[in-house]
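Have a look at run07.pdb; it's PDB, C-alpha atoms:
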```
ATOM      1  CA  MET A   1     201.980 137.152  58.025  1.00  0.00           C
ATOM      2  CA  PRO A   2     200.869 133.990  59.912  1.00  0.00           C
ATOM      3  CA  SER A   3     197.522 132.586  58.914  1.00  0.00           C
ATOM      4  CA  SER A   4     194.576 132.908  61.280  1.00  0.00           C
ATOM      5  CA  PRO A   5     193.676 129.779  63.245  1.00  0.00           C
ATOM      6  CA  SER A   6     190.829 127.719  61.910  1.00  0.00           C
ATOM      7  CA  PRO A   7     187.710 127.276  64.104  1.00  0.00           C
ATOM      8  CA  GLN A   8     188.858 123.799  65.026  1.00  0.00           C
ATOM      9  CA  GLN A   9     192.339 125.047  65.974  1.00  0.00           C
ATOM     10  CA  GLY A  10     190.712 127.703  68.101  1.00  0.00           C
ATOM     11  CA  LEU A  11     188.637 125.159  69.963  1.00  0.00           C
ATOM     12  CA  ARG A  12     191.776 123.226  70.832  1.00  0.00           C
ATOM     13  CA  ASN A  13     193.561 126.375  72.035  1.00  0.00           C
ATOM     14  CA  PRO A  14     191.728 127.365  75.238  1.00  0.00           C
ATOM     15  CA  GLY A  15     193.139 130.893  75.140  1.00  0.00           C
ATOM     16  CA  SER A  16     192.122 131.699  71.568  1.00  0.00           C
ATOM     17  CA  GLN A  17     189.290 133.991  70.501  1.00  0.00           C
ATOM     18  CA  PRO A  18     187.302 131.148  68.845  1.00  0.00           C
ATOM     19  CA  ALA A  19     187.577 129.086  72.047  1.00  0.00           C
ATOM     20  CA  LEU A  20     186.408 132.043  74.161  1.00  0.00           C
ATOM     21  CA  ARG A  21     183.509 132.661  71.810  1.00  0.00           C
ATOM     22  CA  GLN A  22     182.547 128.984  71.961  1.00  0.00           C
ATOM     23  CA  ARG A  23     182.600 129.021  75.775  1.00  0.00           C
ATOM     24  CA  ASN A  24     180.442 132.144  75.810  1.00  0.00           C
ATOM     25  CA  GLN A  25     177.985 130.558  73.387  1.00  0.00           C
ATOM     26  CA  ASP A  26     177.848 127.466  75.585  1.00  0.00           C
ATOM     27  CA  ARG A  27     176.895 129.670  78.557  1.00  0.00           C
ATOM     28  CA  ILE A  28     174.116 131.300  76.558  1.00  0.00           C
ATOM     29  CA  ILE A  29     172.792 127.954  75.311  1.00  0.00           C
ATOM     30  CA  GLN A  30     172.776 126.575  78.852  1.00  0.00           C
ATOM     31  CA  VAL A  31     170.588 129.469  80.017  1.00  0.00           C
ATOM     32  CA  LEU A  32     168.203 129.051  77.076  1.00  0.00           C
ATOM     33  CA  VAL A  33     167.919 125.302  77.674  1.00  0.00           C
ATOM     34  CA  HIS A  34     167.044 125.717  81.341  1.00  0.00           C
ATOM     35  CA  HIS A  35     164.977 128.926  81.214  1.00  0.00           C
ATOM     36  CA  GLY A  36     163.414 128.975  77.764  1.00  0.00           C
ATOM     37  CA  ALA A  37     162.928 132.280  75.939  1.00  0.00           C
ATOM     38  CA  VAL A  38     164.582 135.258  77.637  1.00  0.00           C
ATOM     39  CA  THR A  39     165.600 138.719  76.478  1.00  0.00           C
ATOM     40  CA  GLN A  40     169.119 139.589  75.421  1.00  0.00           C
ATOM     41  CA  ALA A  41     169.408 141.865  78.466  1.00  0.00           C
ATOM     42  CA  GLN A  42     168.424 138.966  80.716  1.00  0.00           C
ATOM     43  CA  LEU A  43     170.980 136.742  79.000  1.00  0.00           C
ATOM     44  CA  ALA A  44     173.659 139.329  79.731  1.00  0.00           C
ATOM     45  CA  ARG A  45     172.712 139.428  83.415  1.00  0.00           C
ATOM     46  CA  MET A  46     172.399 135.648  83.766  1.00  0.00           C
ATOM     47  CA  THR A  47     175.692 134.851  82.004  1.00  0.00           C
ATOM     48  CA  GLY A  48     177.744 137.830  83.168  1.00  0.00           C
ATOM     49  CA  LEU A  49     178.582 138.652  79.549  1.00  0.00           C
ATOM     50  CA  SER A  50     178.377 142.147  78.095  1.00  0.00           C
ATOM     51  CA  THR A  51     175.292 143.084  76.090  1.00  0.00           C
ATOM     52  CA  ALA A  52     177.480 143.566  73.005  1.00  0.00           C
ATOM     53  CA  THR A  53     178.966 140.074  73.365  1.00  0.00           C
ATOM     54  CA  VAL A  54     175.525 138.534  73.801  1.00  0.00           C
ATOM     55  CA  SER A  55     174.182 140.422  70.791  1.00  0.00           C
ATOM     56  CA  ASN A  56     177.051 139.271  68.560  1.00  0.00           C
ATOM     57  CA  ILE A  57     176.751 135.622  69.621  1.00  0.00           C
ATOM     58  CA  ILE A  58     172.963 135.605  69.203  1.00  0.00           C
ATOM     59  CA  ARG A  59     173.346 137.114  65.734  1.00  0.00           C
ATOM     60  CA  GLY A  60     175.619 134.234  64.762  1.00  0.00           C
ATOM     61  CA  MET A  61     173.294 131.621  66.292  1.00  0.00           C
ATOM     62  CA  VAL A  62     170.339 133.051  64.375  1.00  0.00           C
ATOM     63  CA  ALA A  63     172.332 132.987  61.125  1.00  0.00           C
ATOM     64  CA  ARG A  64     173.128 129.305  61.729  1.00  0.00           C
ATOM     65  CA  GLY A  65     169.478 128.499  62.491  1.00  0.00           C
ATOM     66  CA  ILE A  66     170.188 127.550  66.106  1.00  0.00           C
ATOM     67  CA  ALA A  67     168.157 130.340  67.697  1.00  0.00           C
ATOM     68  CA  SER A  68     165.320 132.728  66.884  1.00  0.00           C
ATOM     69  CA  THR A  69     164.552 136.235  68.079  1.00  0.00           C
ATOM     70  CA  SER A  70     161.316 138.162  68.326  1.00  0.00           C
ATOM     71  CA  PRO A  71     160.356 141.674  69.525  1.00  0.00           C
ATOM     72  CA  THR A  72     158.963 141.923  73.046  1.00  0.00           C
ATOM     73  CA  THR A  73     158.773 144.371  75.953  1.00  0.00           C
ATOM     74  CA  SER A  74     160.597 144.268  79.268  1.00  0.00           C
ATOM     75  CA  SER A  75     159.869 146.744  82.063  1.00  0.00           C
ATOM     76  CA  GLY A  76     157.940 148.828  79.552  1.00  0.00           C
ATOM     77  CA  ARG A  77     160.815 148.995  77.086  1.00  0.00           C
ATOM     78  CA  ARG A  78     161.295 147.372  73.729  1.00  0.00           C
ATOM     79  CA  ALA A  79     163.473 144.256  73.917  1.00  0.00           C
ATOM     80  CA  LEU A  80     164.470 141.233  71.883  1.00  0.00           C
ATOM     81  CA  SER A  81     163.419 137.798  73.083  1.00  0.00           C
ATOM     82  CA  VAL A  82     165.740 134.885  72.281  1.00  0.00           C
ATOM     83  CA  SER A  83     164.866 131.179  72.138  1.00  0.00           C
ATOM     84  CA  LEU A  84     166.456 128.017  70.822  1.00  0.00           C
ATOM     85  CA  ASN A  85     164.866 126.440  67.767  1.00  0.00           C
ATOM     86  CA  ALA A  86     163.688 123.325  69.573  1.00  0.00           C
ATOM     87  CA  GLY A  87     162.875 121.357  66.467  1.00  0.00           C
ATOM     88  CA  ASP A  88     166.116 122.207  64.741  1.00  0.00           C
ATOM     89  CA  THR A  89     168.783 121.908  67.435  1.00  0.00           C
ATOM     90  CA  ALA A  90     170.289 118.839  68.998  1.00  0.00           C
ATOM     91  CA  ALA A  91     173.351 117.619  70.849  1.00  0.00           C
ATOM     92  CA  VAL A  92     175.280 114.381  70.528  1.00  0.00           C
ATOM     93  CA  GLY A  93     176.624 112.110  73.222  1.00  0.00           C
ATOM     94  CA  ILE A  94     179.377 109.626  72.356  1.00  0.00           C
ATOM     95  CA  GLY A  95     180.241 106.911  74.846  1.00  0.00           C
ATOM     96  CA  ILE A  96     183.431 104.968  74.178  1.00  0.00           C
ATOM     97  CA  GLY A  97     184.043 101.742  76.082  1.00  0.00           C
ATOM     98  CA  ARG A  98     186.490  98.885  75.972  1.00  0.00           C
ATOM     99  CA  ARG A  99     184.186  96.818  73.765  1.00  0.00           C
ATOM    100  CA  HIS A 100     181.649  99.247  72.324  1.00  0.00           C
ATOM    101  CA  VAL A 101     180.781 102.707  71.025  1.00  0.00           C
ATOM    102  CA  ARG A 102     177.373 104.278  71.675  1.00  0.00           C
ATOM    103  CA  VAL A 103     176.098 107.478  70.037  1.00  0.00           C
ATOM    104  CA  VAL A 104     172.972 109.292  71.227  1.00  0.00           C
ATOM    105  CA  LEU A 105     171.279 112.268  69.573  1.00  0.00           C
ATOM    106  CA  ALA A 106     169.187 114.362  71.967  1.00  0.00           C
ATOM    107  CA  GLY A 107     167.004 117.419  71.620  1.00  0.00           C
ATOM    108  CA  ARG A 108     166.039 120.029  74.161  1.00  0.00           C
ATOM    109  CA  GLY A 109     164.979 118.761  77.553  1.00  0.00           C
ATOM    110  CA  TYR A 110     167.373 115.797  77.119  1.00  0.00           C
ATOM    111  CA  HIS A 111     164.815 113.989  74.957  1.00  0.00           C
ATOM    112  CA  VAL A 112     166.574 111.182  73.058  1.00  0.00           C
ATOM    113  CA  LEU A 113     165.877 111.420  69.331  1.00  0.00           C
ATOM    114  CA  GLN A 114     168.013 108.541  68.087  1.00  0.00           C
ATOM    115  CA  GLU A 115     170.544 106.073  69.475  1.00  0.00           C
ATOM    116  CA  GLU A 116     172.968 103.591  67.918  1.00  0.00           C
ATOM    117  CA  TRP A 117     175.386 101.086  69.460  1.00  0.00           C
ATOM    118  CA  THR A 118     178.139  98.945  67.950  1.00  0.00           C
ATOM    119  CA  ALA A 119     180.375  96.304  69.528  1.00  0.00           C
ATOM    120  CA  LEU A 120     184.127  96.608  69.088  1.00  0.00           C
ATOM    121  CA  PRO A 121     186.897  94.013  69.342  1.00  0.00           C
ATOM    122  CA  ALA A 122     188.984  93.863  72.497  1.00  0.00           C
ATOM    123  CA  ARG A 123     192.083  96.087  72.469  1.00  0.00           C
ATOM    124  CA  HIS A 124     190.818  98.047  69.475  1.00  0.00           C
ATOM    125  CA  SER A 125     192.914 100.982  68.340  1.00  0.00           C
ATOM    126  CA  ALA A 126     191.831 104.575  68.743  1.00  0.00           C
ATOM    127  CA  ASP A 127     191.564 104.922  64.974  1.00  0.00           C
ATOM    128  CA  VAL A 128     189.106 102.017  64.785  1.00  0.00           C
ATOM    129  CA  GLY A 129     186.987 103.346  67.660  1.00  0.00           C
ATOM    130  CA  LEU A 130     186.897 106.899  66.335  1.00  0.00           C
ATOM    131  CA  ASN A 131     185.997 105.742  62.821  1.00  0.00           C
ATOM    132  CA  VAL A 132     183.042 103.795  64.236  1.00  0.00           C
ATOM    133  CA  ALA A 133     181.974 106.783  66.335  1.00  0.00           C
ATOM    134  CA  VAL A 134     181.916 108.999  63.228  1.00  0.00           C
ATOM    135  CA  GLU A 135     179.947 106.381  61.281  1.00  0.00           C
ATOM    136  CA  LEU A 136     177.347 106.156  64.052  1.00  0.00           C
ATOM    137  CA  PHE A 137     177.203 109.954  64.281  1.00  0.00           C
ATOM    138  CA  ASP A 138     176.376 110.198  60.574  1.00  0.00           C
ATOM    139  CA  LYS A 139     173.845 107.382  60.951  1.00  0.00           C
ATOM    140  CA  VAL A 140     171.854 108.946  63.799  1.00  0.00           C
ATOM    141  CA  LEU A 141     171.771 112.283  61.984  1.00  0.00           C
ATOM    142  CA  ALA A 142     170.473 110.613  58.832  1.00  0.00           C
ATOM    143  CA  GLN A 143     167.814 108.727  60.785  1.00  0.00           C
ATOM    144  CA  ALA A 144     166.630 111.620  62.966  1.00  0.00           C
ATOM    145  CA  GLY A 145     166.698 114.289  60.273  1.00  0.00           C
ATOM    146  CA  PRO A 146     168.536 117.361  61.639  1.00  0.00           C
ATOM    147  CA  GLY A 147     171.369 118.679  59.544  1.00  0.00           C
ATOM    148  CA  ARG A 148     174.921 118.766  60.848  1.00  0.00           C
ATOM    149  CA  GLY A 149     174.681 122.550  61.199  1.00  0.00           C
ATOM    150  CA  SER A 150     171.890 122.123  63.766  1.00  0.00           C
ATOM    151  CA  VAL A 151     174.054 120.071  66.132  1.00  0.00           C
ATOM    152  CA  LEU A 152     175.281 122.299  68.941  1.00  0.00           C
ATOM    153  CA  GLY A 153     178.156 120.012  69.859  1.00  0.00           C
ATOM    154  CA  ALA A 154     179.197 116.574  71.060  1.00  0.00           C
ATOM    155  CA  GLY A 155     179.977 115.343  74.556  1.00  0.00           C
ATOM    156  CA  VAL A 156     182.411 112.412  74.570  1.00  0.00           C
ATOM    157  CA  GLY A 157     183.035 110.043  77.469  1.00  0.00           C
ATOM    158  CA  VAL A 158     186.183 107.907  77.690  1.00  0.00           C
ATOM    159  CA  PRO A 159     186.997 105.305  80.371  1.00  0.00           C
ATOM    160  CA  GLY A 160     190.205 106.823  81.627  1.00  0.00           C
ATOM    161  CA  PRO A 161     191.913 110.028  82.755  1.00  0.00           C
ATOM    162  CA  ILE A 162     192.031 112.916  80.287  1.00  0.00           C
ATOM    163  CA  ASP A 163     194.596 115.700  80.317  1.00  0.00           C
ATOM    164  CA  ARG A 164     192.173 118.623  80.050  1.00  0.00           C
ATOM    165  CA  ARG A 165     194.935 120.922  78.762  1.00  0.00           C
ATOM    166  CA  THR A 166     195.399 118.896  75.582  1.00  0.00           C
ATOM    167  CA  GLY A 167     192.416 116.524  75.258  1.00  0.00           C
ATOM    168  CA  THR A 168     194.811 113.581  75.379  1.00  0.00           C
ATOM    169  CA  VAL A 169     194.253 110.206  77.055  1.00  0.00           C
ATOM    170  CA  VAL A 170     196.890 109.613  79.743  1.00  0.00           C
ATOM    171  CA  GLY A 171     198.169 106.513  81.562  1.00  0.00           C
ATOM    172  CA  GLY A 172     195.749 104.517  83.696  1.00  0.00           C
ATOM    173  CA  ALA A 173     192.999 104.347  81.084  1.00  0.00           C
ATOM    174  CA  SER A 174     190.929 101.208  80.514  1.00  0.00           C
ATOM    175  CA  LEU A 175     191.948 101.568  76.867  1.00  0.00           C
ATOM    176  CA  PRO A 176     195.768 101.460  76.979  1.00  0.00           C
ATOM    177  CA  GLU A 177     195.847 101.518  73.163  1.00  0.00           C
ATOM    178  CA  TRP A 178     194.383 105.047  73.332  1.00  0.00           C
ATOM    179  CA  VAL A 179     197.022 106.526  75.652  1.00  0.00           C
ATOM    180  CA  GLY A 180     198.718 109.528  74.056  1.00  0.00           C
ATOM    181  CA  ILE A 181     195.942 109.987  71.485  1.00  0.00           C
ATOM    182  CA  ASN A 182     194.428 113.464  71.244  1.00  0.00           C
ATOM    183  CA  ILE A 183     190.780 112.439  70.972  1.00  0.00           C
ATOM    184  CA  LEU A 184     189.518 116.007  71.201  1.00  0.00           C
ATOM    185  CA  GLN A 185     191.519 117.139  68.188  1.00  0.00           C
ATOM    186  CA  GLN A 186     190.705 114.087  66.097  1.00  0.00           C
ATOM    187  CA  LEU A 187     186.958 114.172  66.742  1.00  0.00           C
ATOM    188  CA  GLU A 188     186.678 117.914  66.154  1.00  0.00           C
ATOM    189  CA  ASP A 189     188.442 117.454  62.833  1.00  0.00           C
ATOM    190  CA  ARG A 190     186.271 114.497  61.827  1.00  0.00           C
ATOM    191  CA  LEU A 191     182.887 115.753  63.070  1.00  0.00           C
ATOM    192  CA  GLY A 192     183.296 119.443  62.300  1.00  0.00           C
ATOM    193  CA  ILE A 193     181.445 120.515  65.485  1.00  0.00           C
ATOM    194  CA  PRO A 194     182.536 121.598  68.991  1.00  0.00           C
ATOM    195  CA  VAL A 195     183.554 118.596  71.109  1.00  0.00           C
ATOM    196  CA  HIS A 196     183.641 118.411  74.904  1.00  0.00           C
ATOM    197  CA  LEU A 197     185.748 115.514  76.176  1.00  0.00           C
ATOM    198  CA  HIS A 198     185.530 114.064  79.687  1.00  0.00           C
ATOM    199  CA  ASN A 199     186.232 110.967  81.673  1.00  0.00           C
ATOM    200  CA  ASP A 200     183.074 108.822  81.617  1.00  0.00           C
ATOM    201  CA  ALA A 201     182.672 108.874  85.413  1.00  0.00           C
ATOM    202  CA  ASN A 202     182.786 112.680  85.370  1.00  0.00           C
ATOM    203  CA  LEU A 203     180.017 112.725  82.772  1.00  0.00           C
ATOM    204  CA  GLY A 204     177.959 110.332  84.880  1.00  0.00           C
ATOM    205  CA  THR A 205     178.406 112.714  87.786  1.00  0.00           C
ATOM    206  CA  LEU A 206     177.245 115.689  85.725  1.00  0.00           C
ATOM    207  CA  ALA A 207     174.230 113.693  84.528  1.00  0.00           C
ATOM    208  CA  GLN A 208     173.077 113.161  88.110  1.00  0.00           C
ATOM    209  CA  VAL A 209     172.984 116.881  88.888  1.00  0.00           C
ATOM    210  CA  THR A 210     171.750 117.953  85.445  1.00  0.00           C
ATOM    211  CA  GLY A 211     168.998 115.541  84.423  1.00  0.00           C
ATOM    212  CA  GLY A 212     169.057 112.979  87.214  1.00  0.00           C
ATOM    213  CA  SER A 213     167.641 112.749  90.702  1.00  0.00           C
ATOM    214  CA  PHE A 214     170.181 114.982  92.430  1.00  0.00           C
ATOM    215  CA  GLY A 215     169.649 118.343  90.775  1.00  0.00           C
ATOM    216  CA  ALA A 216     169.676 120.148  94.118  1.00  0.00           C
ATOM    217  CA  ALA A 217     172.912 118.546  95.319  1.00  0.00           C
ATOM    218  CA  THR A 218     175.929 120.810  95.821  1.00  0.00           C
ATOM    219  CA  ASP A 219     178.217 117.976  96.961  1.00  0.00           C
ATOM    220  CA  LEU A 220     178.029 114.542  95.384  1.00  0.00           C
ATOM    221  CA  THR A 221     180.105 111.422  94.834  1.00  0.00           C
ATOM    222  CA  PHE A 222     179.299 109.243  91.818  1.00  0.00           C
ATOM    223  CA  VAL A 223     180.846 105.779  91.456  1.00  0.00           C
ATOM    224  CA  LYS A 224     180.834 103.945  88.114  1.00  0.00           C
ATOM    225  CA  VAL A 225     181.414 100.198  88.235  1.00  0.00           C
ATOM    226  CA  GLY A 226     182.036  98.347  84.982  1.00  0.00           C
ATOM    227  CA  THR A 227     185.102  96.702  83.519  1.00  0.00           C
ATOM    228  CA  GLY A 228     186.945  99.190  85.707  1.00  0.00           C
ATOM    229  CA  ILE A 229     185.912 101.437  88.579  1.00  0.00           C
ATOM    230  CA  GLY A 230     185.745 105.213  88.283  1.00  0.00           C
ATOM    231  CA  ALA A 231     184.398 108.078  90.351  1.00  0.00           C
ATOM    232  CA  GLY A 232     183.433 111.714  89.980  1.00  0.00           C
ATOM    233  CA  LEU A 233     183.011 114.490  92.532  1.00  0.00           C
ATOM    234  CA  ILE A 234     180.768 117.527  92.733  1.00  0.00           C
ATOM    235  CA  ILE A 235     182.159 119.955  95.335  1.00  0.00           C
ATOM    236  CA  ASN A 236     180.395 123.221  96.129  1.00  0.00           C
ATOM    237  CA  GLY A 237     178.209 122.763  93.061  1.00  0.00           C
ATOM    238  CA  ARG A 238     181.055 122.287  90.591  1.00  0.00           C
ATOM    239  CA  LEU A 239     182.698 119.247  89.039  1.00  0.00           C
ATOM    240  CA  TYR A 240     186.115 118.633  90.573  1.00  0.00           C
ATOM    241  CA  TYR A 241     188.814 117.806  88.032  1.00  0.00           C
ATOM    242  CA  GLY A 242     191.948 117.675  90.131  1.00  0.00           C
ATOM    243  CA  ASN A 243     195.243 119.002  88.823  1.00  0.00           C
ATOM    244  CA  VAL A 244     194.966 118.454  85.058  1.00  0.00           C
ATOM    245  CA  GLY A 245     191.867 116.243  84.913  1.00  0.00           C
TER     246      GLY A 245
END
```

Encoding of this model in structure tokens:
Amino acid sequence: MPSSPSPQQGLRNPGSQPALRQRNQDRIIQVLVHHGAVTQAQLARMTGLSTATVSNIIRGMVARGIASTSPTTSSGRRALSVSLNAGDTAAVGIGIGRRHVRVVLAGRGYHVLQEEWTALPARHSADVGLNVAVELFDKVLAQAGPGRGSVLGAGVGVPGPIDRRTGTVVGGASLPEWVGINILQQLEDRLGIPVHLHNDANLGTLAQVTGGSFGAATDLTFVKVGTGIGAGLIINGRLYYGNVG
């Protein structure tokens, strides 16, 4: 009998049960971040997930210390209110450039808890850059205090096109030494948490409509000018990826 996929294998296989569960948890966390404490029934309505799915995911989040529940009433009926443990949960941002790696640890409300930056040599290999990213990740966690189990996930920005089907850097990147490297797989294995990988311009675009000055925008163009030039598009309220990213 074939062995069951590990959590990390599931995250890399977008059609697997672990990947689906992770996406559903991400939807729930997004609602809790933006709306605060809500009931499980409200979470089901706001995410479009079934009440059973929401209940199972919340049970796992509570067991991991990510969320808390408390009895409440809704429309005169008994209900269960759900909230994120603000002091115990965080997310990590990893920015990889041609000559640097930056790691930021943030809590709820996008409040930066800790940040570290390290210069890298020109034309560094992916292995060198990823090793530094992991070192900085461990450093910010040690400085800020939350345990690894409290980190919801990591968002990683890379200066180049990413094949979203595989998490692999493709031709045209500002880091030609990274082309063909599956960053998503390597970082998930090394960090042991869910990783979301994007082109850096796409992440800049999302930042503008999430925590920036254009939260009400449904159509937006973001241009990033650095060593290279990149751009991201929001069309009809959603990030546009193109064919494969």

Residue neighbourhood region 228-237 of chain A, 12 Å, only C-alpha atoms, exclusion window fewer than 5 positions, as JSON, numbers by chain: {"A": [97, 98, 158, 159, 160, 161, 172, 173, 174, 175, 198, 199, 200, 201, 202, 203, 204, 205, 206, 207, 208, 209, 210, 214, 215, 216, 217, 218, 219, 220, 221, 222, 223, 242, 245]}

Selection under test: the PyMOL selection byres ((chain A and resi 128) around 12); residues as a PyMOL selection string: chain A and resi 96+98-101+118-127+129-135+177-178

If you take all atoms listed in the file and a cut-off of 12 Å, which residues of region 56-81 of chain A touch region 36-44 of chain A, and what are their nearest atom pairs and distances in Å to one decimal, in chain and number order, as CSV?
```
residue,atom,partner,partner_atom,distance
A:Asn56,CA,A:Gln40,CA,10.5
A:Ile57,CA,A:Gln40,CA,10.4
A:Ile58,CA,A:Gln40,CA,8.3
A:Arg59,CA,A:Gln40,CA,10.9
A:Ala67,CA,A:Ala37,CA,10.0
A:Ser68,CA,A:Ala37,CA,9.4
A:Thr69,CA,A:Thr39,CA,8.8
A:Ser70,CA,A:Thr39,CA,9.2
A:Pro71,CA,A:Thr39,CA,9.2
A:Thr72,CA,A:Thr39,CA,8.1
A:Thr73,CA,A:Thr39,CA,8.9
A:Ser74,CA,A:Thr39,CA,8.0
A:Ser75,CA,A:Ala41,CA,11.3
A:Arg77,CA,A:Ala41,CA,11.3
A:Arg78,CA,A:Thr39,CA,10.0
A:Ala79,CA,A:Thr39,CA,6.5
A:Leu80,CA,A:Thr39,CA,5.4
A:Ser81,CA,A:Thr39,CA,4.1
```

A:Ala52, A:Leu84, A:Val169, A:Val104 ranked by distance to Val140 (chain A), top pick (using all atoms listed in the file): A:Val104

Gap from CA of Ala90 (chain A) to CA of Tyr241 (chain A) - Å, one decimal: 26.6 Å

Separation of CA of Ile94 (chain A) from CA of Ala63 (chain A), in Å and rounded to one decimal: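 About the pair CA of Ile94 (chain A) and CA of Ala63 (chain A): they are 26.9 Å apart.
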
All residues 9 Å or closer to Leu197 (chain A), only C-alpha atoms, same chain fewer than 4 positions away omitted, as a PyMOL selection string: chain A and resi 154-158+162+164+167+183-184

Atomic separation - CA of Gly93 (chain A) relative to CA of Asn182 (chain A), Å: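 One can read the CA of Asn182 (chain A) to CA of Gly93 (chain A) distance as 18.0 Å.
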
Residue nearest Val151 (chain A) - candidates A:Thr89, A:Thr51, A:Gln17, A:Thr166, atoms counted: all atoms listed in the file: A:Thr89

Protein and nucleic acid residues near (170.9, 124.5, 62.3) (cut-off 8 Å, only C-alpha atoms) as a list in words: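 Using only C-alpha atoms, the matching residues come out as Arg64, Gly65, Ile66, Asp88, Thr89, Pro146, Gly147, Arg148, Gly149, Ser150 and Val151 of chain A.
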
Nearest candidate to Gly95 (chain A) (options A:Trp117, A:Pro176, A:Gln185, A:Gly107; using only C-alpha atoms):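 Looking only at the distances to Gly95 (chain A), the closest residue turns out to be A:Trp117.
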
Distance criterion (all atoms listed in the file): nearest to Leu49 (chain A) out of A:Arg238, A:His34, A:Arg23, A:His196: A:Arg23

Taking N, CA, C and O atoms as the atom set, what does region 70-83 of chain A look like once completed, written as a PDB file, in the coordinates of the input?
```
ATOM      1  N   SER A  70     162.591 137.504  68.608  1.00  0.00           N
ATOM      2  CA  SER A  70     161.316 138.162  68.326  1.00  0.00           C
ATOM      3  C   SER A  70     161.182 139.386  69.224  1.00  0.00           C
ATOM      4  O   SER A  70     161.658 139.383  70.365  1.00  0.00           O
ATOM      5  N   PRO A  71     160.524 140.459  68.719  1.00  0.00           N
ATOM      6  CA  PRO A  71     160.356 141.674  69.525  1.00  0.00           C
ATOM      7  C   PRO A  71     159.464 141.397  70.732  1.00  0.00           C
ATOM      8  O   PRO A  71     158.508 140.619  70.663  1.00  0.00           O
ATOM      9  N   THR A  72     159.773 142.046  71.840  1.00  0.00           N
ATOM     10  CA  THR A  72     158.963 141.923  73.046  1.00  0.00           C
ATOM     11  C   THR A  72     159.158 143.195  73.868  1.00  0.00           C
ATOM     12  O   THR A  72     159.826 144.136  73.424  1.00  0.00           O
ATOM     13  N   THR A  73     158.565 143.244  75.041  1.00  0.00           N
ATOM     14  CA  THR A  73     158.773 144.371  75.953  1.00  0.00           C
ATOM     15  C   THR A  73     159.243 143.845  77.294  1.00  0.00           C
ATOM     16  O   THR A  73     158.862 142.756  77.715  1.00  0.00           O
ATOM     17  N   SER A  74     160.091 144.620  77.942  1.00  0.00           N
ATOM     18  CA  SER A  74     160.597 144.268  79.268  1.00  0.00           C
ATOM     19  C   SER A  74     160.678 145.533  80.096  1.00  0.00           C
ATOM     20  O   SER A  74     161.365 146.490  79.717  1.00  0.00           O
ATOM     21  N   SER A  75     159.946 145.549  81.199  1.00  0.00           N
ATOM     22  CA  SER A  75     159.869 146.744  82.063  1.00  0.00           C
ATOM     23  C   SER A  75     159.424 147.967  81.274  1.00  0.00           C
ATOM     24  O   SER A  75     159.902 149.082  81.485  1.00  0.00           O
ATOM     25  N   GLY A  76     158.486 147.739  80.334  1.00  0.00           N
ATOM     26  CA  GLY A  76     157.940 148.828  79.552  1.00  0.00           C
ATOM     27  C   GLY A  76     158.793 149.276  78.388  1.00  0.00           C
ATOM     28  O   GLY A  76     158.429 150.205  77.665  1.00  0.00           O
ATOM     29  N   ARG A  77     159.929 148.602  78.176  1.00  0.00           N
ATOM     30  CA  ARG A  77     160.815 148.995  77.086  1.00  0.00           C
ATOM     31  C   ARG A  77     160.848 147.907  76.018  1.00  0.00           C
ATOM     32  O   ARG A  77     160.628 146.738  76.293  1.00  0.00           O
ATOM     33  N   ARG A  78     161.158 148.344  74.806  1.00  0.00           N
ATOM     34  CA  ARG A  78     161.295 147.372  73.729  1.00  0.00           C
ATOM     35  C   ARG A  78     162.520 146.497  73.968  1.00  0.00           C
ATOM     36  O   ARG A  78     163.561 146.966  74.406  1.00  0.00           O
ATOM     37  N   ALA A  79     162.380 145.204  73.697  1.00  0.00           N
ATOM     38  CA  ALA A  79     163.473 144.256  73.917  1.00  0.00           C
ATOM     39  C   ALA A  79     163.409 143.179  72.840  1.00  0.00           C
ATOM     40  O   ALA A  79     162.473 143.132  72.039  1.00  0.00           O
ATOM     41  N   LEU A  80     164.404 142.325  72.843  1.00  0.00           N
ATOM     42  CA  LEU A  80     164.470 141.233  71.883  1.00  0.00           C
ATOM     43  C   LEU A  80     164.511 139.919  72.651  1.00  0.00           C
ATOM     44  O   LEU A  80     165.422 139.674  73.445  1.00  0.00           O
ATOM     45  N   SER A  81     163.485 139.105  72.424  1.00  0.00           N
ATOM     46  CA  SER A  81     163.419 137.798  73.083  1.00  0.00           C
ATOM     47  C   SER A  81     164.177 136.768  72.256  1.00  0.00           C
ATOM     48  O   SER A  81     164.093 136.749  71.031  1.00  0.00           O
ATOM     49  N   VAL A  82     164.915 135.902  72.947  1.00  0.00           N
ATOM     50  CA  VAL A  82     165.740 134.885  72.281  1.00  0.00           C
ATOM     51  C   VAL A  82     165.302 133.499  72.735  1.00  0.00           C
ATOM     52  O   VAL A  82     165.054 133.266  73.921  1.00  0.00           O
ATOM     53  N   SER A  83     165.207 132.560  71.796  1.00  0.00           N
ATOM     54  CA  SER A  83     164.866 131.179  72.138  1.00  0.00           C
ATOM     55  C   SER A  83     165.595 130.238  71.195  1.00  0.00           C
ATOM     56  O   SER A  83     165.917 130.597  70.055  1.00  0.00           O
TER      57      SER A  83
END
```
